[in-house]
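The next block is query09.cif, given as mmCIF, C-alpha atoms.
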```cif
data_my_file
loop_
_atom_site.label_atom_id
_atom_site.label_comp_id
_atom_site.auth_asym_id
_atom_site.auth_seq_id
_atom_site.Cartn_x
_atom_site.Cartn_y
_atom_site.Cartn_z
CA MET S 56 -20.79 78.33 115.73
CA GLY S 57 -19.15 75.04 116.56
CA GLN S 58 -19.36 72.08 114.22
CA LYS S 59 -21.95 69.51 115.28
CA ILE S 60 -21.17 65.78 115.05
CA HIS S 61 -23.84 63.11 114.78
CA PRO S 62 -23.94 61.26 118.15
CA ARG S 63 -24.23 57.89 116.42
CA GLY S 64 -21.44 58.57 113.92
CA LEU S 65 -19.09 59.52 116.76
CA ARG S 66 -19.68 56.15 118.48
CA LEU S 67 -19.65 53.84 115.45
CA GLY S 68 -17.19 51.01 115.95
CA TYR S 69 -16.94 51.65 119.70
CA ILE S 70 -20.31 51.01 121.35
CA GLN S 71 -22.69 51.20 118.36
CA ASP S 72 -22.90 49.33 115.06
CA TRP S 73 -23.67 50.36 111.48
CA GLN S 74 -27.24 50.17 110.16
CA SER S 75 -25.95 49.03 106.75
CA ARG S 76 -23.48 46.13 106.85
CA TRP S 77 -21.85 45.29 103.53
CA PHE S 78 -18.67 46.10 101.60
CA SER S 79 -18.46 46.69 97.85
CA PRO S 80 -16.04 49.41 96.68
CA LYS S 81 -17.01 49.11 93.00
CA LYS S 82 -20.79 49.31 93.50
CA MET S 83 -20.88 51.56 96.54
CA PRO S 84 -22.90 54.50 95.05
CA GLU S 85 -25.44 52.10 93.56
CA LEU S 86 -25.89 50.15 96.80
CA ILE S 87 -26.13 53.31 98.92
CA ARG S 88 -28.94 54.45 96.62
CA GLU S 89 -30.65 51.05 97.02
CA ASP S 90 -30.44 51.29 100.82
CA PHE S 91 -32.00 54.76 100.69
CA GLU S 92 -34.85 53.57 98.45
CA ILE S 93 -35.53 50.52 100.65
CA ARG S 94 -35.74 52.65 103.79
CA ALA S 95 -37.95 55.21 102.02
CA MET S 96 -40.25 52.40 100.83
CA VAL S 97 -40.60 50.96 104.34
CA THR S 98 -41.14 54.39 105.93
CA GLU S 99 -43.77 55.42 103.38
CA ARG S 100 -45.64 52.13 103.45
CA PHE S 101 -45.68 51.72 107.25
CA HIS S 102 -45.84 55.35 108.40
CA LEU S 103 -48.50 54.41 111.00
CA ALA S 104 -46.58 51.40 112.34
CA SER S 105 -44.07 53.36 114.48
CA VAL S 106 -41.03 52.19 112.48
CA SER S 107 -37.84 53.41 114.14
CA TRP S 108 -35.03 52.21 111.87
CA VAL S 109 -34.21 49.62 109.21
CA ASP S 110 -31.09 47.43 109.26
CA ILE S 111 -29.76 46.21 105.90
CA GLU S 112 -27.21 43.41 105.54
CA ARG S 113 -25.84 42.06 102.26
CA ALA S 114 -24.05 38.76 101.68
CA GLY S 115 -23.44 37.82 98.06
CA ALA S 116 -26.77 37.47 96.26
CA TYR S 117 -28.74 37.66 99.51
CA LEU S 118 -30.21 40.69 101.23
CA LYS S 119 -31.51 40.77 104.82
CA VAL S 120 -33.76 43.60 105.94
CA SER S 121 -34.59 44.00 109.65
CA ILE S 122 -37.45 46.38 110.48
CA HIS S 123 -37.47 47.65 114.07
CA THR S 124 -40.96 48.77 115.03
CA ALA S 125 -43.15 49.22 118.08
CA ARG S 126 -46.17 47.72 116.22
CA PRO S 127 -45.00 44.55 114.47
CA GLY S 128 -48.57 43.40 113.80
CA ILE S 129 -49.22 46.34 111.47
CA VAL S 130 -46.01 45.66 109.53
CA ILE S 131 -46.72 41.94 109.14
CA GLY S 132 -50.36 42.48 108.16
CA ARG S 133 -53.21 39.99 108.10
CA LYS S 134 -51.77 36.50 107.50
CA GLY S 135 -48.46 38.09 106.50
CA THR S 136 -49.77 39.71 103.30
CA ASP S 137 -48.14 43.12 103.87
CA ILE S 138 -44.71 41.70 104.61
CA GLU S 139 -44.90 39.40 101.55
CA ASN S 140 -45.83 42.33 99.29
CA LEU S 141 -42.90 44.30 100.68
CA LYS S 142 -40.58 41.35 100.07
CA LYS S 143 -41.66 41.11 96.43
CA ASP S 144 -41.18 44.84 95.86
CA VAL S 145 -37.70 44.83 97.42
CA GLU S 146 -36.69 41.81 95.33
CA LYS S 147 -37.93 43.59 92.21
CA LEU S 148 -35.97 46.71 93.16
CA THR S 149 -32.67 44.99 94.01
CA GLY S 150 -32.77 41.77 91.99
CA ARG S 151 -31.61 39.77 95.03
CA LYS S 152 -33.07 37.08 97.26
CA VAL S 153 -34.58 39.02 100.17
CA PHE S 154 -35.22 37.96 103.77
CA ILE S 155 -37.27 40.33 105.94
CA ASN S 156 -37.19 40.20 109.72
CA VAL S 157 -39.50 42.22 111.98
CA SER S 158 -38.15 43.11 115.45
CA GLU S 159 -40.36 44.54 118.17
CA ILE S 160 -39.19 47.54 120.20
CA LYS S 161 -40.16 46.63 123.76
CA VAL S 162 -39.91 50.15 125.26
CA PRO S 163 -40.91 52.80 122.66
CA GLU S 164 -40.29 55.60 125.19
CA MET S 165 -36.55 54.80 125.09
CA ASP S 166 -36.30 55.20 121.31
CA PRO S 167 -35.57 58.81 120.21
CA ARG S 168 -37.15 58.42 116.76
CA LEU S 169 -40.42 57.12 118.23
CA VAL S 170 -40.41 59.84 120.90
CA GLY S 171 -39.94 62.42 118.13
CA GLN S 172 -42.76 60.87 116.10
CA SER S 173 -45.07 61.03 119.11
CA ILE S 174 -44.25 64.73 119.66
CA ALA S 175 -44.72 65.44 115.93
CA GLN S 176 -48.16 63.82 115.90
CA GLN S 177 -49.23 65.98 118.85
CA LEU S 178 -47.95 69.14 117.14
CA GLU S 179 -49.92 68.26 114.01
CA LYS S 180 -53.03 68.08 116.22
CA ARG S 181 -52.27 71.65 117.39
CA ILE S 182 -51.26 70.69 120.92
CA SER S 183 -48.86 73.13 122.63
CA PHE S 184 -45.27 72.23 121.79
CA LYS S 185 -44.10 72.74 125.38
CA ARG S 186 -46.77 70.41 126.73
CA ALA S 187 -46.03 67.74 124.11
CA ILE S 188 -42.26 67.88 124.68
CA LYS S 189 -42.47 67.81 128.48
CA ARG S 190 -44.94 64.91 128.38
CA GLY S 191 -42.58 62.91 126.15
CA MET S 192 -39.59 63.71 128.36
CA GLU S 193 -41.42 62.61 131.52
CA ARG S 194 -42.36 59.26 129.94
CA THR S 195 -38.78 58.66 128.80
CA MET S 196 -37.30 59.44 132.23
CA ALA S 197 -39.93 57.21 133.89
CA SER S 198 -38.84 54.36 131.59
CA GLY S 199 -35.31 54.39 133.02
CA ALA S 200 -33.35 56.84 130.87
CA LEU S 201 -30.48 58.75 132.51
CA GLY S 202 -31.18 61.89 130.49
CA ILE S 203 -33.07 63.31 127.51
CA LYS S 204 -32.72 66.44 125.41
CA VAL S 205 -35.35 67.65 122.92
CA MET S 206 -34.92 70.51 120.46
CA ALA S 207 -37.75 71.95 118.35
CA SER S 208 -37.21 74.50 115.58
CA GLY S 209 -39.63 76.27 113.26
CA ARG S 210 -42.69 78.47 113.64
CA LEU S 211 -43.42 77.26 117.15
CA GLY S 212 -46.90 78.08 118.34
CA GLY S 213 -47.74 79.67 114.98
CA ALA S 214 -45.27 82.53 115.49
CA GLU S 215 -44.39 84.74 112.52
CA ILE S 216 -40.64 84.30 113.02
CA ALA S 217 -39.13 80.83 113.29
CA ARG S 218 -37.10 80.10 116.39
CA ARG S 219 -35.43 77.24 118.21
CA GLU S 220 -36.10 76.01 121.73
CA TRP S 221 -34.65 73.06 123.62
CA PHE S 222 -35.39 71.27 126.87
CA ARG S 223 -33.33 68.82 128.91
CA LYS S 224 -33.80 66.47 131.84
CA GLY S 225 -30.98 64.55 133.49
CA ARG S 226 -27.51 64.21 131.90
CA VAL S 227 -26.74 64.13 128.17
CA PRO S 228 -22.90 63.88 127.86
CA LEU S 229 -22.51 64.16 124.07
CA GLN S 230 -18.69 64.18 124.12
CA THR S 231 -18.35 61.03 126.27
CA ILE S 232 -17.83 58.12 123.86
CA SER S 233 -18.65 55.53 126.54
CA ALA S 234 -22.09 57.12 126.99
CA ASP S 235 -24.78 55.23 125.06
CA ILE S 236 -26.65 58.15 123.48
CA ASP S 237 -29.22 57.54 120.76
CA TYR S 238 -30.38 60.30 118.44
CA GLY S 239 -33.41 60.80 116.23
CA LEU S 240 -34.71 63.50 113.89
CA THR S 241 -38.36 63.83 112.84
CA GLU S 242 -40.50 66.51 111.21
CA ALA S 243 -44.03 67.67 111.96
CA ASN S 244 -46.07 68.94 108.99
CA THR S 245 -48.26 71.62 110.56
CA THR S 246 -50.48 74.24 108.92
CA MET S 247 -47.79 76.83 109.68
CA GLY S 248 -45.04 74.81 108.01
CA LYS S 249 -42.57 72.14 109.04
CA ILE S 250 -41.27 71.89 112.59
CA GLY S 251 -38.09 69.89 113.12
CA ILE S 252 -37.74 67.81 116.28
CA LYS S 253 -34.40 66.43 117.45
CA VAL S 254 -34.22 63.99 120.37
CA TRP S 255 -31.15 62.77 122.29
CA ILE S 256 -31.61 59.99 124.89
CA PHE S 257 -28.84 58.97 127.31
CA LYS S 258 -29.53 55.29 128.07
CA LYS S 259 -26.52 54.03 130.01
CA LEU S 260 -22.78 54.45 130.54
CA PHE S 261 -20.33 51.78 129.38
CA PHE S 262 -16.95 50.92 130.97
CA ALA S 263 -17.11 53.58 133.70
CA LYS S 264 -18.20 53.10 137.31
CA THR S 265 -18.41 55.52 140.19
CA PRO S 266 -16.74 54.72 143.57
CA ARG S 267 -20.19 54.06 145.00
CA GLU S 268 -20.93 51.48 142.27
CA LEU S 269 -17.55 49.81 142.87
CA ARG S 270 -18.29 49.55 146.62
CA GLU S 271 -21.73 48.08 145.92
CA GLN S 272 -20.20 45.56 143.51
CA LEU S 273 -17.55 44.58 146.08
CA ILE S 274 -20.18 44.12 148.80
CA LYS S 275 -22.24 41.97 146.43
CA MET S 276 -19.18 39.83 145.57
CA GLU S 277 -18.37 39.37 149.26
CA ALA S 278 -21.94 38.27 149.96
CA GLU S 279 -21.91 35.75 147.11
CA ASN S 280 -18.34 34.37 147.47
CA PRO S 281 -16.87 35.30 150.90
CA THR S 282 -14.19 32.56 150.72
CA GLU S 283 -12.92 33.67 147.30
CA ILE S 284 -12.64 37.31 148.40
CA LYS S 285 -10.71 36.26 151.53
CA VAL S 286 -8.23 34.19 149.45
CA MET S 287 -7.71 37.13 147.05
CA ASP S 288 -6.97 39.48 149.98
CA GLU S 289 -4.49 37.01 151.52
CA SER S 290 -2.65 36.49 148.19
CA ALA S 291 -2.40 40.26 147.67
CA GLN S 292 -0.95 40.65 151.20
CA VAL S 293 1.63 37.90 150.51
CA ARG S 294 2.72 39.66 147.30
CA ARG S 295 3.14 42.97 149.15
CA GLU S 296 5.26 41.34 151.88
CA ALA S 297 7.45 39.60 149.26
CA GLN S 298 8.33 42.89 147.57
CA PRO S 299 11.81 44.28 148.48
CA GLY S 300 11.68 47.14 150.95
CA ALA S 301 8.23 46.14 152.18
#
```

Target encoding C-alpha cells, full file:
Amino acid sequence: MGQKIHPRGLRLGYIQDWQSRWFSPKKMPELIREDFEIRAMVTERFHLASVSWVDIERAGAYLKVSIHTARPGIVIGRKGTDIENLKKDVEKLTGRKVFINVSEIKVPEMDPRLVGQSIAQQLEKRISFKRAIKRGMERTMASGALGIKVMASGRLGGAEIARREWFRKGRVPLQTISADIDYGLTEANTTMGKIGIKVWIFKKLFFAKTPRELREQLIKMEAENPTEIKVMDESAQVRREAQPGA
C-alpha cells in the first residue's frame, strides 16, 4: 500500500498554520507532553461542548490557550466558573501565567472533527452508519463545501468481521497543496467495539482560477472601473507597437 500523509501536515507553512506555536529546543519533549495534557484536559472536561481543536501559544512565562468550539456557552459556564477552573488547573500543570480564549465555530458543518463527532454520536445510538454518514455529507455540501470524503472502519453494522467503507461527494484533491482541505479523526464507542471515522472536507482552492472565473473577474473589473481598463489596454497596445519587428 502507498504511504498516507496527513493532509494538514502536507500544507503546514503554505496555506495552514501550526496548532502549537512556540520554539524551545532544550525543553521540547517536556513542552510537547504539556501540550498533549492540556488538550486531553480540555477534551475530557468539555466532551459535550463540541470542541474541535485547541491552539497553544507560548511566549516566555505566558501561555495562551484558544479553544475552538461550536458551543462556547458550555465551555465558559455559568458566570465564567468553568473557564476559571480550567485556567487554574492549566496554571497548576504548567506553572505559567495562562490566558484562555474561547472562539466560536460559526459553521459546524464545515469542520471535519465536528462532523465526525456528529456521526459518532449517531453510531453510538445504533443508527445505520450509511444513513448517518450520508446525512452528514449532505449538510456539509449544503453549507458550501466543494467536496467531502468520509471513511468508517470497524465492525460496521455489528458485523463479525471488521471492514472499511468510504463515501465521497464532490472533489477532494488531496495532492493539490493549494486546496484547503481540513481533516479530522474521531472514534465511536459502540457495543460492538470502536469504529473509527475519518473526515476530509475540501473548503476552497487558493491561488488557482479557472478561465471562467478569470472572465467573470474581468467583466466585474470592467463594470466597476471602465476607464482604468481602457487605459491599461491602450498602454499594452503602445508597448506592443514599440517592440522591434512589431

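Residues surrounding S:Lys152 within 12 Å are Glu112, Arg113, Ala114, Gly115, Ala116, Tyr117, Leu118, Lys119, Val120, Lys142, Lys143, Asp144, Val145, Glu146, Lys147, Leu148, Thr149, Gly150, Phe154 and Ile155 of chain S [all atoms listed in the file; sequence separation below 2 positions excluded].
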
Can you write out as a tab-separated table which residues of stretch 100-153 of chain S fall within 12 Å of stretch 235-242 of chain S, alongside each residue's closest atom pair and its distance in Å to one decimal, counting all atoms listed in the file and ordering rows by chain and ascending residue number?
```
residue	atom	partner	partner_atom	distance
S:Val106	CA	S:Thr241	CA	11.9
S:Ser107	CA	S:Gly239	CA	8.9
S:Trp108	CA	S:Gly239	CA	9.8
```

Between S:Gly191, S:Pro84, S:Gly132, S:Pro127, smallest distance to S:Lys161 by all atoms listed in the file belongs to S:Pro127

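The spacing separating atom CA of S:Arg219 from atom CA of S:Ser183 amounts to 14.7 Å.
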
Practice problem: Extract, using all atoms listed in the file, all DNA, RNA and protein residues at most 10 Å from S:Arg223, discarding same-chain residues fewer than 2 positions from it, and format them as a ChimeraX atom specification. | Solution: /S:188-189,192,202-206,221,225-227,254-256

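Atom to atom, atom CA of S:Leu201 and atom CA of S:Leu260 stand 9.0 Å apart.
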
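Take the PyMOL selection byres ((chain S and resi 212) around 10) and apply it to this file: it picks Leu178, Arg181, Ile182, Ser183, Phe184, Lys185, Gly209, Arg210, Leu211, Gly213, Ala214, Glu215, Ala217 and Met247 of chain S.
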
Computed gap from atom CA of S:His123 to atom CA of S:Gln74 is 11.2 Å
